[in-house]
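Pasted below: coords_5.cif, mmCIF, C-alpha atoms and all ligand atoms.
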```cif
data_run
loop_
_atom_site.label_atom_id
_atom_site.label_comp_id
_atom_site.auth_asym_id
_atom_site.auth_seq_id
_atom_site.Cartn_x
_atom_site.Cartn_y
_atom_site.Cartn_z
CA MET U 123 51.86 -82.73 -21.36
CA LEU U 124 52.62 -80.45 -24.28
CA GLY U 125 50.48 -82.66 -26.44
CA ARG U 126 47.60 -82.33 -23.97
CA LEU U 127 47.90 -78.55 -24.11
CA ASP U 128 47.69 -78.60 -27.92
CA GLN U 129 44.63 -80.78 -27.63
CA ILE U 130 42.96 -78.44 -25.14
CA GLU U 131 43.63 -75.51 -27.44
CA ARG U 132 42.17 -77.22 -30.50
CA GLU U 133 39.14 -78.53 -28.64
CA ALA U 134 38.43 -75.17 -26.98
CA LEU U 135 38.74 -73.20 -30.20
CA ALA U 136 36.43 -75.62 -32.00
CA ALA U 137 33.86 -75.36 -29.20
CA LEU U 138 34.09 -71.57 -29.32
CA GLU U 139 33.11 -71.61 -32.99
CA LYS U 140 29.87 -73.28 -31.99
CA ALA U 141 28.93 -70.73 -29.32
CA ARG U 142 26.20 -68.77 -31.10
CA ASP U 143 24.92 -66.57 -28.28
CA GLN U 144 25.94 -64.86 -25.06
CA GLU U 145 24.75 -67.76 -22.94
CA ALA U 146 26.75 -70.41 -24.81
CA LEU U 147 29.75 -68.12 -24.69
CA GLN U 148 29.45 -67.75 -20.94
CA ALA U 149 29.29 -71.53 -20.51
CA TRP U 150 32.36 -71.91 -22.69
CA LYS U 151 34.27 -69.39 -20.57
CA VAL U 152 33.46 -71.26 -17.35
CA LYS U 153 34.54 -74.54 -18.89
CA TYR U 154 37.85 -73.46 -20.48
CA LEU U 155 38.95 -70.42 -18.52
CA GLY U 156 37.04 -70.79 -15.26
CA ARG U 157 38.34 -71.70 -11.81
CA SER U 158 38.12 -75.45 -12.39
CA ALA U 159 39.34 -75.40 -16.00
CA GLU U 160 41.91 -78.00 -16.95
CA ILE U 161 44.45 -75.42 -18.01
CA GLY U 162 44.41 -73.99 -14.49
CA ALA U 163 45.03 -77.41 -13.04
CA ILE U 164 48.01 -77.92 -15.35
CA MET U 165 49.52 -74.63 -14.24
CA GLU U 166 48.93 -75.53 -10.60
CA GLY U 167 50.60 -78.89 -11.18
CA LEU U 168 53.80 -77.50 -12.73
CA ARG U 169 55.70 -77.99 -9.45
CA GLU U 170 55.18 -81.71 -9.64
CA LEU U 171 56.73 -82.00 -13.10
CA PRO U 172 60.35 -82.96 -13.65
CA LYS U 173 62.42 -79.80 -13.46
CA GLU U 174 63.58 -79.80 -17.09
CA GLN U 175 60.02 -79.99 -18.43
CA ARG U 176 58.67 -77.09 -16.37
CA PRO U 177 59.80 -74.07 -18.47
CA ALA U 178 58.49 -75.48 -21.77
CA VAL U 179 55.15 -76.63 -20.32
CA GLY U 180 54.75 -73.41 -18.33
CA ARG U 181 55.40 -71.26 -21.40
CA ARG U 182 53.08 -73.29 -23.56
CA ALA U 183 50.34 -73.28 -20.91
CA ASN U 184 50.53 -69.47 -20.73
CA GLU U 185 50.41 -69.24 -24.50
CA VAL U 186 47.33 -71.42 -24.71
CA LYS U 187 45.62 -69.52 -21.94
CA ARG U 188 46.28 -66.17 -23.62
CA ALA U 189 45.21 -67.55 -26.98
CA LEU U 190 41.93 -68.75 -25.50
CA GLU U 191 41.36 -65.42 -23.76
CA ALA U 192 41.99 -63.52 -26.98
CA ALA U 193 39.75 -65.87 -28.94
CA TYR U 194 37.03 -65.39 -26.32
CA GLU U 195 37.25 -61.58 -26.54
CA ALA U 196 37.14 -61.73 -30.33
CA ARG U 197 34.13 -64.02 -30.28
CA LEU U 198 32.33 -61.84 -27.74
CA GLU U 199 32.90 -58.77 -29.88
CA ALA U 200 31.73 -60.63 -33.01
CA LEU U 201 28.51 -61.64 -31.28
CA ARG U 202 27.88 -58.05 -30.15
CA GLN U 203 28.44 -56.78 -33.67
CA ALA U 204 26.03 -59.39 -34.99
CA VAL U 205 23.33 -58.19 -32.57
CA VAL U 206 23.83 -54.59 -33.68
CA ALA U 207 23.88 -55.56 -37.33
CA ARG U 208 20.67 -57.55 -36.95
CA SER U 209 18.82 -54.70 -35.26
CA LEU U 210 20.06 -52.24 -37.86
CA GLU U 211 18.76 -54.52 -40.53
CA GLN U 212 15.40 -55.21 -38.88
CA GLU U 213 14.66 -51.71 -37.65
CA ARG U 214 15.79 -50.01 -40.79
CA LEU U 215 14.13 -46.65 -41.50
CA ASP U 216 13.71 -45.19 -44.91
CA VAL U 217 14.04 -41.51 -44.11
CA THR U 218 13.22 -40.60 -47.70
CA LEU U 219 9.62 -41.90 -47.39
CA PRO U 220 7.04 -39.10 -47.45
CA GLY U 221 5.46 -38.39 -44.03
CA ARG U 222 1.91 -39.38 -43.14
CA PRO U 223 -0.40 -36.39 -43.44
CA LEU U 224 -1.93 -35.33 -40.11
CA PRO U 225 -5.69 -34.92 -40.22
CA ARG U 226 -6.47 -31.21 -40.15
CA GLY U 227 -9.36 -29.85 -38.14
CA ARG U 228 -11.51 -27.05 -39.45
CA VAL U 229 -13.97 -24.53 -38.18
CA HIS U 230 -17.49 -25.91 -37.68
CA PRO U 231 -19.90 -24.54 -40.32
CA ALA U 232 -22.09 -22.91 -37.65
CA ASN U 233 -19.01 -21.21 -36.20
CA GLN U 234 -17.90 -20.07 -39.64
CA THR U 235 -21.19 -18.23 -40.06
CA LEU U 236 -21.07 -17.01 -36.46
CA ARG U 237 -17.62 -15.50 -37.02
CA GLN U 238 -18.72 -13.89 -40.26
CA ILE U 239 -21.78 -12.37 -38.55
CA LEU U 240 -19.71 -11.03 -35.64
CA ALA U 241 -17.07 -9.59 -37.99
CA ILE U 242 -19.76 -7.64 -39.85
CA TRP U 243 -21.25 -6.27 -36.62
CA ALA U 244 -17.80 -5.42 -35.31
CA GLU U 245 -17.13 -3.39 -38.46
CA MET U 246 -20.38 -1.57 -37.82
CA GLY U 247 -19.25 -0.63 -34.29
CA PHE U 248 -20.96 -3.34 -32.22
CA GLN U 249 -19.01 -4.75 -29.28
CA VAL U 250 -19.19 -8.50 -28.63
CA TYR U 251 -20.61 -9.46 -25.23
CA ARG U 252 -21.04 -12.88 -23.68
CA SER U 253 -23.59 -13.88 -21.15
CA ARG U 254 -24.45 -17.05 -19.28
CA GLU U 255 -26.28 -20.09 -20.68
CA VAL U 256 -27.80 -21.03 -17.32
CA GLU U 257 -30.27 -18.31 -16.50
CA THR U 258 -32.96 -17.40 -14.04
CA ASP U 259 -36.62 -17.17 -14.93
CA ALA U 260 -36.36 -13.47 -14.09
CA TYR U 261 -33.76 -12.74 -16.78
CA ASN U 262 -35.01 -15.16 -19.40
CA PHE U 263 -38.66 -14.08 -19.08
CA GLU U 264 -39.90 -11.65 -16.47
CA LEU U 265 -37.48 -8.78 -16.99
CA LEU U 266 -38.17 -9.18 -20.72
CA ASN U 267 -41.81 -8.39 -20.08
CA ILE U 268 -42.98 -12.01 -20.12
CA PRO U 269 -44.68 -12.63 -16.77
CA ALA U 270 -45.43 -16.14 -15.45
CA HIS U 271 -48.36 -17.79 -17.24
CA HIS U 272 -48.24 -15.27 -20.06
CA PRO U 273 -49.34 -17.04 -23.27
CA ALA U 274 -46.20 -15.78 -25.05
CA ARG U 275 -44.18 -18.26 -22.98
CA ASP U 276 -45.44 -20.91 -25.37
CA MET U 277 -42.96 -19.52 -27.91
CA TRP U 278 -40.12 -20.80 -25.75
CA ASP U 279 -40.43 -24.37 -24.45
CA THR U 280 -37.99 -24.47 -21.62
CA PHE U 281 -35.52 -26.84 -19.99
CA TYR U 282 -35.80 -26.25 -16.24
CA THR U 283 -33.17 -27.31 -13.73
CA THR U 284 -33.96 -28.99 -10.41
CA ARG U 285 -33.38 -25.61 -8.80
CA GLU U 286 -36.53 -23.48 -8.62
CA GLY U 287 -36.40 -20.55 -11.04
CA VAL U 288 -33.17 -21.69 -12.76
CA LEU U 289 -33.27 -22.74 -16.41
CA LEU U 290 -31.29 -23.01 -19.64
CA ARG U 291 -31.79 -19.83 -21.60
CA THR U 292 -34.22 -20.23 -24.46
CA HIS U 293 -32.82 -17.23 -26.35
CA THR U 294 -29.95 -14.74 -26.01
CA SER U 295 -32.34 -11.91 -25.07
CA PRO U 296 -31.63 -12.16 -21.29
CA GLY U 297 -28.17 -10.88 -22.22
CA GLN U 298 -29.86 -7.57 -23.08
CA ILE U 299 -30.77 -7.05 -19.42
CA HIS U 300 -27.29 -8.06 -18.20
CA VAL U 301 -25.49 -5.69 -20.50
CA MET U 302 -27.93 -2.82 -19.87
CA ARG U 303 -27.58 -3.18 -16.10
CA GLU U 304 -23.81 -3.23 -16.46
CA ARG U 305 -23.59 -0.16 -18.67
CA ALA U 306 -26.63 2.11 -18.02
CA PRO U 307 -26.91 4.99 -18.69
CA GLU U 308 -24.24 4.81 -21.42
CA PRO U 309 -25.38 4.44 -25.03
CA LEU U 310 -24.91 0.85 -26.22
CA ARG U 311 -24.07 -1.01 -29.38
CA VAL U 312 -23.48 -4.68 -28.63
CA VAL U 313 -23.97 -8.17 -30.04
CA LEU U 314 -24.35 -11.21 -27.81
CA PRO U 315 -23.64 -14.57 -29.43
CA GLY U 316 -24.20 -17.91 -27.75
CA MET U 317 -25.92 -21.25 -27.36
CA CYS U 318 -29.63 -21.46 -26.52
CA TYR U 319 -31.76 -24.45 -25.52
CA ARG U 320 -35.36 -25.38 -26.15
CA TYR U 321 -37.34 -28.33 -24.90
CA GLU U 322 -38.65 -29.38 -28.28
CA GLN U 323 -39.09 -32.38 -30.47
CA ILE U 324 -35.91 -32.69 -32.52
CA THR U 325 -36.80 -32.59 -36.20
CA ALA U 326 -35.16 -31.61 -39.47
CA ARG U 327 -36.11 -28.00 -38.71
CA SER U 328 -35.74 -27.71 -34.94
CA GLU U 329 -32.98 -28.68 -32.56
CA ILE U 330 -32.90 -28.52 -28.76
CA GLN U 331 -29.71 -26.47 -28.92
CA PHE U 332 -28.69 -23.79 -31.36
CA ASN U 333 -26.79 -20.51 -31.50
CA GLN U 334 -28.26 -17.07 -31.60
CA VAL U 335 -26.73 -13.66 -32.10
CA GLU U 336 -28.57 -10.99 -30.17
CA GLY U 337 -28.07 -7.35 -31.03
CA LEU U 338 -28.86 -4.28 -28.97
CA ALA U 339 -28.45 -0.56 -29.64
CA ILE U 340 -29.53 2.08 -27.13
CA GLY U 341 -29.20 5.82 -27.44
CA SER U 342 -31.05 9.06 -27.01
CA ARG U 343 -32.68 9.26 -30.44
CA ILE U 344 -32.77 5.79 -31.96
CA THR U 345 -35.73 5.18 -34.25
CA PHE U 346 -37.27 2.36 -36.23
CA ALA U 347 -35.56 3.84 -39.30
CA ASP U 348 -32.19 3.17 -37.61
CA LEU U 349 -33.26 -0.42 -37.01
CA LYS U 350 -34.22 -0.91 -40.63
CA GLY U 351 -31.17 0.86 -42.05
CA THR U 352 -28.78 -1.05 -39.80
CA LEU U 353 -30.30 -4.47 -40.51
CA ILE U 354 -30.44 -3.82 -44.26
CA ALA U 355 -26.76 -2.79 -44.18
CA PHE U 356 -25.99 -6.02 -42.34
CA ALA U 357 -27.93 -8.12 -44.88
CA LYS U 358 -26.03 -6.52 -47.76
CA ARG U 359 -22.68 -7.34 -46.19
CA MET U 360 -23.80 -10.85 -45.32
CA PHE U 361 -25.59 -11.82 -48.52
CA GLY U 362 -24.28 -9.37 -51.14
CA GLN U 363 -25.03 -5.77 -52.11
CA GLN U 364 -27.86 -6.81 -54.45
CA VAL U 365 -29.93 -8.65 -51.85
CA ARG U 366 -33.48 -7.45 -51.36
CA THR U 367 -35.03 -7.41 -47.89
CA ARG U 368 -38.47 -6.92 -46.39
CA PHE U 369 -39.86 -6.41 -42.91
CA ARG U 370 -43.04 -8.08 -41.72
CA ALA U 371 -44.94 -7.05 -38.60
CA SER U 372 -44.57 -9.57 -35.77
CA HIS U 373 -44.86 -9.79 -32.03
CA PHE U 374 -42.36 -10.18 -29.20
CA PRO U 375 -43.21 -9.11 -25.65
CA PHE U 376 -39.85 -7.32 -25.25
CA THR U 377 -40.07 -5.17 -28.38
CA GLU U 378 -42.72 -2.76 -29.60
CA PRO U 379 -43.24 -2.53 -32.48
CA SER U 380 -41.80 -5.91 -33.51
CA ALA U 381 -40.89 -7.28 -36.91
CA GLU U 382 -39.24 -10.13 -38.74
CA MET U 383 -36.81 -9.54 -41.56
CA ASP U 384 -36.78 -11.65 -44.71
CA VAL U 385 -34.14 -11.71 -47.40
CA GLU U 386 -34.88 -12.54 -50.98
CA CYS U 387 -34.39 -16.27 -51.54
CA PHE U 388 -30.86 -16.59 -52.88
CA VAL U 389 -31.54 -20.10 -54.11
CA CYS U 390 -34.21 -19.15 -56.65
CA GLY U 391 -33.68 -15.38 -56.77
CA GLY U 392 -37.19 -14.76 -55.49
CA GLU U 393 -39.05 -16.91 -58.00
CA GLY U 394 -40.15 -19.52 -55.49
CA CYS U 395 -38.55 -22.89 -54.76
CA SER U 396 -38.56 -25.62 -52.14
CA VAL U 397 -36.03 -23.83 -49.90
CA CYS U 398 -38.23 -20.71 -49.59
CA LYS U 399 -41.41 -22.79 -49.72
CA ARG U 400 -42.50 -21.02 -52.93
CA THR U 401 -42.63 -17.61 -51.22
CA GLY U 402 -39.44 -16.18 -52.70
CA TRP U 403 -38.40 -14.98 -49.21
CA LEU U 404 -36.36 -16.42 -46.34
CA GLU U 405 -36.87 -15.31 -42.75
CA ILE U 406 -33.55 -14.62 -41.03
CA LEU U 407 -34.25 -12.68 -37.83
CA GLY U 408 -36.68 -11.20 -35.33
CA CYS U 409 -36.34 -7.58 -34.24
CA GLY U 410 -38.06 -4.52 -32.85
CA MET U 411 -37.80 -1.36 -30.76
CA VAL U 412 -36.87 -2.18 -27.17
CA HIS U 413 -40.04 -2.15 -25.05
CA PRO U 414 -40.13 0.72 -22.51
CA VAL U 415 -40.63 -1.80 -19.68
CA VAL U 416 -37.45 -3.60 -20.76
CA LEU U 417 -35.51 -0.33 -20.96
CA GLN U 418 -36.63 0.45 -17.45
CA ASN U 419 -35.72 -3.03 -16.18
CA GLY U 420 -32.27 -2.50 -17.65
CA GLY U 421 -31.85 0.84 -15.87
CA TYR U 422 -32.60 3.25 -18.76
CA ASP U 423 -35.22 5.98 -18.51
CA PRO U 424 -37.64 5.31 -21.42
CA ALA U 425 -38.43 9.02 -21.57
CA ARG U 426 -34.81 9.78 -22.51
CA PHE U 427 -33.62 6.61 -24.20
CA SER U 428 -34.80 4.36 -26.99
CA GLY U 429 -33.23 1.43 -28.76
CA PHE U 430 -33.60 -1.50 -31.08
CA ALA U 431 -32.87 -5.20 -30.65
CA PHE U 432 -32.68 -8.20 -32.91
CA GLY U 433 -31.97 -11.93 -32.73
CA MET U 434 -30.76 -14.18 -35.52
CA GLY U 435 -29.79 -17.85 -35.83
CA PRO U 436 -26.42 -18.68 -37.43
CA GLU U 437 -27.38 -22.32 -38.06
CA ARG U 438 -30.48 -21.21 -39.91
CA ILE U 439 -28.47 -18.78 -42.02
CA THR U 440 -25.88 -21.51 -42.69
CA MET U 441 -28.64 -23.89 -43.77
CA LEU U 442 -30.01 -21.34 -46.17
CA LYS U 443 -26.60 -20.48 -47.58
CA HIS U 444 -25.52 -24.08 -48.15
CA ARG U 445 -29.00 -25.53 -48.73
CA ILE U 446 -28.60 -27.90 -45.78
CA GLU U 447 -31.90 -29.65 -45.40
CA ASP U 448 -31.60 -31.02 -41.87
CA ILE U 449 -30.52 -29.05 -38.79
CA ARG U 450 -29.60 -32.30 -37.01
CA TYR U 451 -26.39 -32.51 -39.04
CA PHE U 452 -24.93 -29.63 -37.04
CA TRP U 453 -24.41 -31.49 -33.76
CA ALA U 454 -24.29 -35.07 -35.05
CA ASN U 455 -20.47 -34.88 -35.39
CA ASP U 456 -20.47 -36.76 -38.65
CA LEU U 457 -17.18 -35.94 -40.36
CA ARG U 458 -18.66 -36.61 -43.79
CA PHE U 459 -20.86 -33.57 -43.18
CA LEU U 460 -18.34 -31.37 -41.37
CA GLU U 461 -15.52 -31.93 -43.86
CA GLN U 462 -17.52 -30.33 -46.63
CA PHE U 463 -17.04 -26.86 -45.17
N1 LIG F 501 -35.42 -13.59 -28.71
C1 LIG F 501 -36.25 -13.73 -29.86
C2 LIG F 501 -36.38 -15.22 -30.20
O1 LIG F 501 -35.68 -16.02 -29.70
C3 LIG F 501 -35.67 -12.99 -31.07
C4 LIG F 501 -35.65 -11.51 -30.87
C5 LIG F 501 -34.56 -10.89 -30.28
C6 LIG F 501 -36.72 -10.72 -31.28
C7 LIG F 501 -34.54 -9.52 -30.11
C8 LIG F 501 -36.71 -9.36 -31.10
C9 LIG F 501 -35.62 -8.76 -30.52
O2 LIG F 501 -37.24 -15.60 -30.95
#
```
What do you get writing this file as structure tokens?
Amino acid sequence: MLGRLDQIEREALAALEKARDQEALQAWKVKYLGRSAEIGAIMEGLRELPKEQRPAVGRRANEVKRALEAAYEARLEALRQAVVARSLEQERLDVTLPGRPLPRGRVHPANQTLRQILAIWAEMGFQVYRSREVETDAYNFELLNIPAHHPARDMWDTFYTTREGVLLRTHTSPGQIHVMRERAPEPLRVVLPGMCYRYEQITARSEIQFNQVEGLAIGSRITFADLKGTLIAFAKRMFGQQVRTRFRASHFPFTEPSAEMDVECFVCGGEGCSVCKRTGWLEILGCGMVHPVVLQNGGYDPARFSGFAFGMGPERITMLKHRIEDIRYFWANDLRFLEQF
């Protein structure tokens, strides 16, 4: 019997060596230490042995059982360590590697110019106002002295909504009426930036959406000289103290008289090139003295108040500054373009 116990011990320990994973180990435990293991049967059968053999066999059986239990625990622990060691090896991190750079966003070129324009007007005492992009025909046209069927409407091809009389604003000028009605009869100095929409063929020079910055000043003694002086001061801050400017007579139904302001072509210095189409001048805005009808529609008495207004396009100014030849780049979301600014 003692010999059998030695044999069980040897055999079990050898089998344990071969258990390479948790599953094999579990099977081993059932076989050698489980309820129907041979060692259990030997212990059960002690009573049937001759009396003098019992102590020695009993002691040895206990020894073997404890040895197997200890060997099992040791093997289990070794397997666990191996699992940990393997995952440490496989999932090793080199914390000294440099990090991956995160892509950094930047301000859209049109917004860069927009911010620059607004900062200059803010310095000159103009408050920034916002007004809606979805407008009524009344605000976009009629209150600006452009009645239905007036030929001047051809200047603004319009996106209409399915709702009668509701449209996407074609310029920021309707904001003039909103701000006047909100503030009359206070004097005003405001700029109104925002997106405008026109139902046009998209080409290198015209987009169906673009920003404008509207300006409006109203007071008791504002003259055309104030308009000129203010816009020239703006141009100097925007394009440099040396820049030359000129005003050309123009027509807008909501201003009288009306003008357009040109700055000297900063590409060729006025000599004539492809950017300025050989004229030496670049048009940057439309402007004029607020029409008495518009003042009245805004709630100001034209006998006591006068004012000037202007509208400029940041994308156009950006194109001139950076010699961008195609306005379609602005909303095409091509990073190769946007990352240059
Ligand atoms: N709203 C005009 C346009 O879109 C520009 C403008 C604004 C002209 C204010 C005069 C005064 O063309």
Within 9 Å of ligand LIG 501 (chain F), counting all atoms listed in the file: which residues, as a ChimeraX atom specification?
-> /U:277-278,292-296,298,318,334-338,373-377,380-382,407-412,430-435
Work out how far apart CA of Phe346 (chain U) and CA of Gln364 (chain U) are and give it in Å to one decimal.
->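 Computed distance, CA of Phe346 (chain U) to CA of Gln364 (chain U), equals 22.5 Å.
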Between U:Cys387, U:Ala163, U:Ala136, U:Val312, which has the minimum distance to Phe248 (chain U) (counting all atoms listed in the file)?
-> U:Val312
Which one of U:Lys399, U:Arg370, U:Arg458, U:Lys358 sits closest to Ile242 (chain U) if you count all atoms listed in the file?
->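 Looking only at the distances to Ile242 (chain U), the closest residue turns out to be U:Lys358.
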Contacts of region 189-193 of chain U at 10 Å (all atoms listed in the file; same-chain gap of 4+ positions) as a PyMOL selection string | chain U and resi 130-132+134-135+138-139+151+154-155+183-185+197-199
Export of prior selection with C-alpha atoms as an mmCIF file, in the coordinates of the input:
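Final output, saved to again08.cif:
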```
data_model
loop_
_atom_site.group_PDB
_atom_site.id
_atom_site.type_symbol
_atom_site.label_atom_id
_atom_site.label_comp_id
_atom_site.auth_asym_id
_atom_site.auth_seq_id
_atom_site.Cartn_x
_atom_site.Cartn_y
_atom_site.Cartn_z
ATOM 1 C CA ILE U 130 42.960 -78.440 -25.140
ATOM 2 C CA GLU U 131 43.630 -75.510 -27.440
ATOM 3 C CA ARG U 132 42.170 -77.220 -30.500
ATOM 4 C CA ALA U 134 38.430 -75.170 -26.980
ATOM 5 C CA LEU U 135 38.740 -73.200 -30.200
ATOM 6 C CA LEU U 138 34.090 -71.570 -29.320
ATOM 7 C CA GLU U 139 33.110 -71.610 -32.990
ATOM 8 C CA LYS U 151 34.270 -69.390 -20.570
ATOM 9 C CA TYR U 154 37.850 -73.460 -20.480
ATOM 10 C CA LEU U 155 38.950 -70.420 -18.520
ATOM 11 C CA ALA U 183 50.340 -73.280 -20.910
ATOM 12 C CA ASN U 184 50.530 -69.470 -20.730
ATOM 13 C CA GLU U 185 50.410 -69.240 -24.500
ATOM 14 C CA ARG U 197 34.130 -64.020 -30.280
ATOM 15 C CA LEU U 198 32.330 -61.840 -27.740
ATOM 16 C CA GLU U 199 32.900 -58.770 -29.880
#
```
Please determine the residues with any atom at most 6 Å from (-25.6, -32.4, -44.8) (coordinates as given in the file, with all atoms listed in the file counting) and report them as a ChimeraX atom specification.
-> /U:446,451,459
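Take the candidates U:Ile268, U:Asp348, U:Trp150, U:Gln144 and check each one against Ala204 (chain U) using all atoms listed in the file; the shortest distance goes to U:Gln144.
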Which of these residues is nearest to Ile324 (chain U), using all atoms listed in the file: U:Gln212, U:Gln234, U:Arg450, U:Met123?
-> U:Arg450
Rank nothing, just name the residue among U:Leu442, U:Ala454, U:Ala425, U:Ala371 nearest to Val397 (chain U), using all atoms listed in the file.
->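 Looking only at the distances to Val397 (chain U), the closest residue turns out to be U:Leu442.
Those residues that approach Ala306 (chain U) to within 8 Å, counting all atoms listed in the file, are Met302, Arg303, Pro309, Gly420, Gly421 and Tyr422 of chain U; same-chain residues fewer than 3 positions away are not listed.
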What is the distance, in Å and to one decimal place, between CA of Gly227 (chain U) and CA of Glu461 (chain U)?
-> 8.7 Å
Out of U:Ile344, U:Ile449, U:Val229, U:Val288, which residue has the shortest atom-to-atom distance to Glu329 (chain U) when counting only C-alpha atoms?
->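 With only C-alpha atoms as the atom set, the closest residue is U:Ile449.
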Within 12 Å of Arg426 (chain U) using all atoms listed in the file, minus same-chain residues under 6 positions, as a list in words | Pro307, Glu308, Pro309, Ile340, Gly341, Ser342, Arg343, Ile344, Pro414, Leu417 and Gln418 of chain U
Skipping near chain neighbours, those fewer than 6 positions away, what residues fall within 6 Å of Arg320 (chain U) using all atoms listed in the file, listed as a ChimeraX atom specification?
-> /U:279-280,292,330
Once 6 Å is added on each side, what centre and edge lengths in Å to one decimal does the axis-aligned box around all listed atoms of region 164-177 of chain U have, as JSON?
```
{"center_x": 55.8, "center_y": -78.5, "center_z": -14.0, "size_x": 27.6, "size_y": 20.9, "size_z": 21.0}
```
Interatomic distance (Å, one decimal) between CA of Gly402 (chain U) and CA of Gly351 (chain U) | 21.7 Å
